[in-house]
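**Q** After the structure tokens below, expect a handful of questions from me.
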Amino acid sequence: MNFVPQVVTTEISDADLDNVSGGLAVAGSGGLFIETPIASVASDLLAVATPEGVTAGVGFHTEAH
């Protein structure tokens, strides 16, 4: 008896593929670092937007010399 493996295929829409692969997203980030003889200042920003919502984060750090 010969066993022949069977493969089942189906078509998937672009919208369904977006859901499988994680969907669509837009993101941006930036940073700033300034150092003087008196102090250092660093900050960064991150923002991500998806169809499910928006998230953002900000970091800020100072250090006196």
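Just so we're on the same page: first chain in the structure tokens is A, next is B, and so on; residues restart at 1 for each chain, and ligands are numbered from 1 in the order they show up.
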Quick one: pick out all alpha helix (DSSP H) residues within chain A from a backbone DSSP run and write them as an MDAnalysis selection string.
**A** chainID A and resid 14:21
**Q** Those residues you just picked out, can you put them in a file as an mmCIF file, in the first residue's frame with C-alpha atoms?
**A**
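Everything below was put into part-v4.cif:
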```cif
data_model
loop_
_atom_site.group_PDB
_atom_site.id
_atom_site.type_symbol
_atom_site.label_atom_id
_atom_site.label_comp_id
_atom_site.auth_asym_id
_atom_site.auth_seq_id
_atom_site.Cartn_x
_atom_site.Cartn_y
_atom_site.Cartn_z
ATOM 1 C CA ASP A 14 -5.076 40.715 2.345
ATOM 2 C CA ALA A 15 -7.092 41.774 5.405
ATOM 3 C CA ASP A 16 -6.807 38.291 6.919
ATOM 4 C CA LEU A 17 -3.080 38.242 6.153
ATOM 5 C CA ASP A 18 -2.636 41.569 7.962
ATOM 6 C CA ASN A 19 -4.239 40.027 11.055
ATOM 7 C CA VAL A 20 -1.969 36.986 10.895
ATOM 8 C CA SER A 21 1.235 38.952 10.362
#
```
**Q** I'd like the contact shell of Gly31 in chain A - 8 Å cut-off, only C-alpha atoms, skipping same-chain residues fewer than 3 positions apart - returned as a JSON list (two decimals) with all heavy atoms, in the first residue's frame.
**A**
```
[["chain", "number", "residue", "atom", "x", "y", "z"],
["A", 42, "ALA", "N", 19.50, 64.38, 28.69],
["A", 42, "ALA", "CA", 19.15, 63.40, 27.66],
["A", 42, "ALA", "C", 17.64, 63.20, 27.67],
["A", 42, "ALA", "O", 17.01, 63.18, 28.74],
["A", 42, "ALA", "CB", 19.84, 62.07, 27.93],
["A", 43, "SER", "N", 17.06, 63.06, 26.49],
["A", 43, "SER", "CA", 15.63, 62.77, 26.40],
["A", 43, "SER", "C", 15.37, 61.94, 25.15],
["A", 43, "SER", "O", 16.14, 61.97, 24.19],
["A", 43, "SER", "CB", 14.81, 64.07, 26.36],
["A", 43, "SER", "OG", 15.09, 64.78, 25.18],
["A", 44, "ASP", "N", 14.30, 61.17, 25.17],
["A", 44, "ASP", "CA", 13.90, 60.40, 24.01],
["A", 44, "ASP", "C", 12.39, 60.26, 23.97],
["A", 44, "ASP", "O", 11.71, 60.41, 24.97],
["A", 44, "ASP", "CB", 14.57, 59.02, 23.94],
["A", 44, "ASP", "CG", 14.68, 58.34, 25.28],
["A", 44, "ASP", "OD1", 15.30, 58.92, 26.12],
["A", 44, "ASP", "OD2", 14.15, 57.25, 25.49],
["A", 45, "LEU", "N", 11.89, 60.00, 22.77],
["A", 45, "LEU", "CA", 10.45, 59.92, 22.52],
["A", 45, "LEU", "C", 10.19, 58.75, 21.58],
["A", 45, "LEU", "O", 10.93, 58.54, 20.62],
["A", 45, "LEU", "CB", 9.96, 61.21, 21.87],
["A", 45, "LEU", "CG", 8.55, 61.24, 21.30],
["A", 45, "LEU", "CD1", 7.53, 61.15, 22.44],
["A", 45, "LEU", "CD2", 8.32, 62.48, 20.48]]
```
**Q** Using only C-alpha atoms, which of the listed residues (A:Ala25, A:Ala64, A:Val4, A:Ala56) sits closest to Val41 in chain A?
**A**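 Between A:Ala25, A:Ala64, A:Val4, A:Ala56, the residue approaching Val41 in chain A most closely is A:Ala64.
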**Q** What is the distance between CA of Leu46 in chain A and CA of Leu24 in chain A, in Å to one decimal?
**A**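 A separation of 17.0 Å between them.
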**Q** Measuring between only C-alpha atoms, which one of A:Ala39, A:Gly28, A:Ile34, A:Gln6 shows the shortest distance to Thr55 in chain A?
**A**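 Nearest candidate to Thr55 in chain A out of A:Ala39, A:Gly28, A:Ile34, A:Gln6: A:Gly28.
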**Q** Counting only C-alpha atoms, which residue out of A:Asn2, A:Leu32, A:Val7, A:Val26 sits closest to Thr50 in chain A?
**A**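 Of the candidates, the smallest distance to Thr50 in chain A is held by A:Val26.
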**Q** As JSON, numbers by chain, please: all residues of chain A that backbone DSSP puts in strand (DSSP E).
**A** {"A": [26, 27, 28, 29, 30, 31, 32, 33, 34, 35, 39, 40, 41, 42, 43, 44, 45, 46, 47, 48, 49, 50, 53, 54, 55, 56, 57, 58, 59, 60, 61, 62, 63, 64]}
**Q** Kindly give the distance, in Å, that separates CA of Thr9 in chain A and CA of Glu52 in chain A, rounded to a single decimal.
**A**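 One can read the CA of Thr9 in chain A to CA of Glu52 in chain A distance as 29.9 Å.
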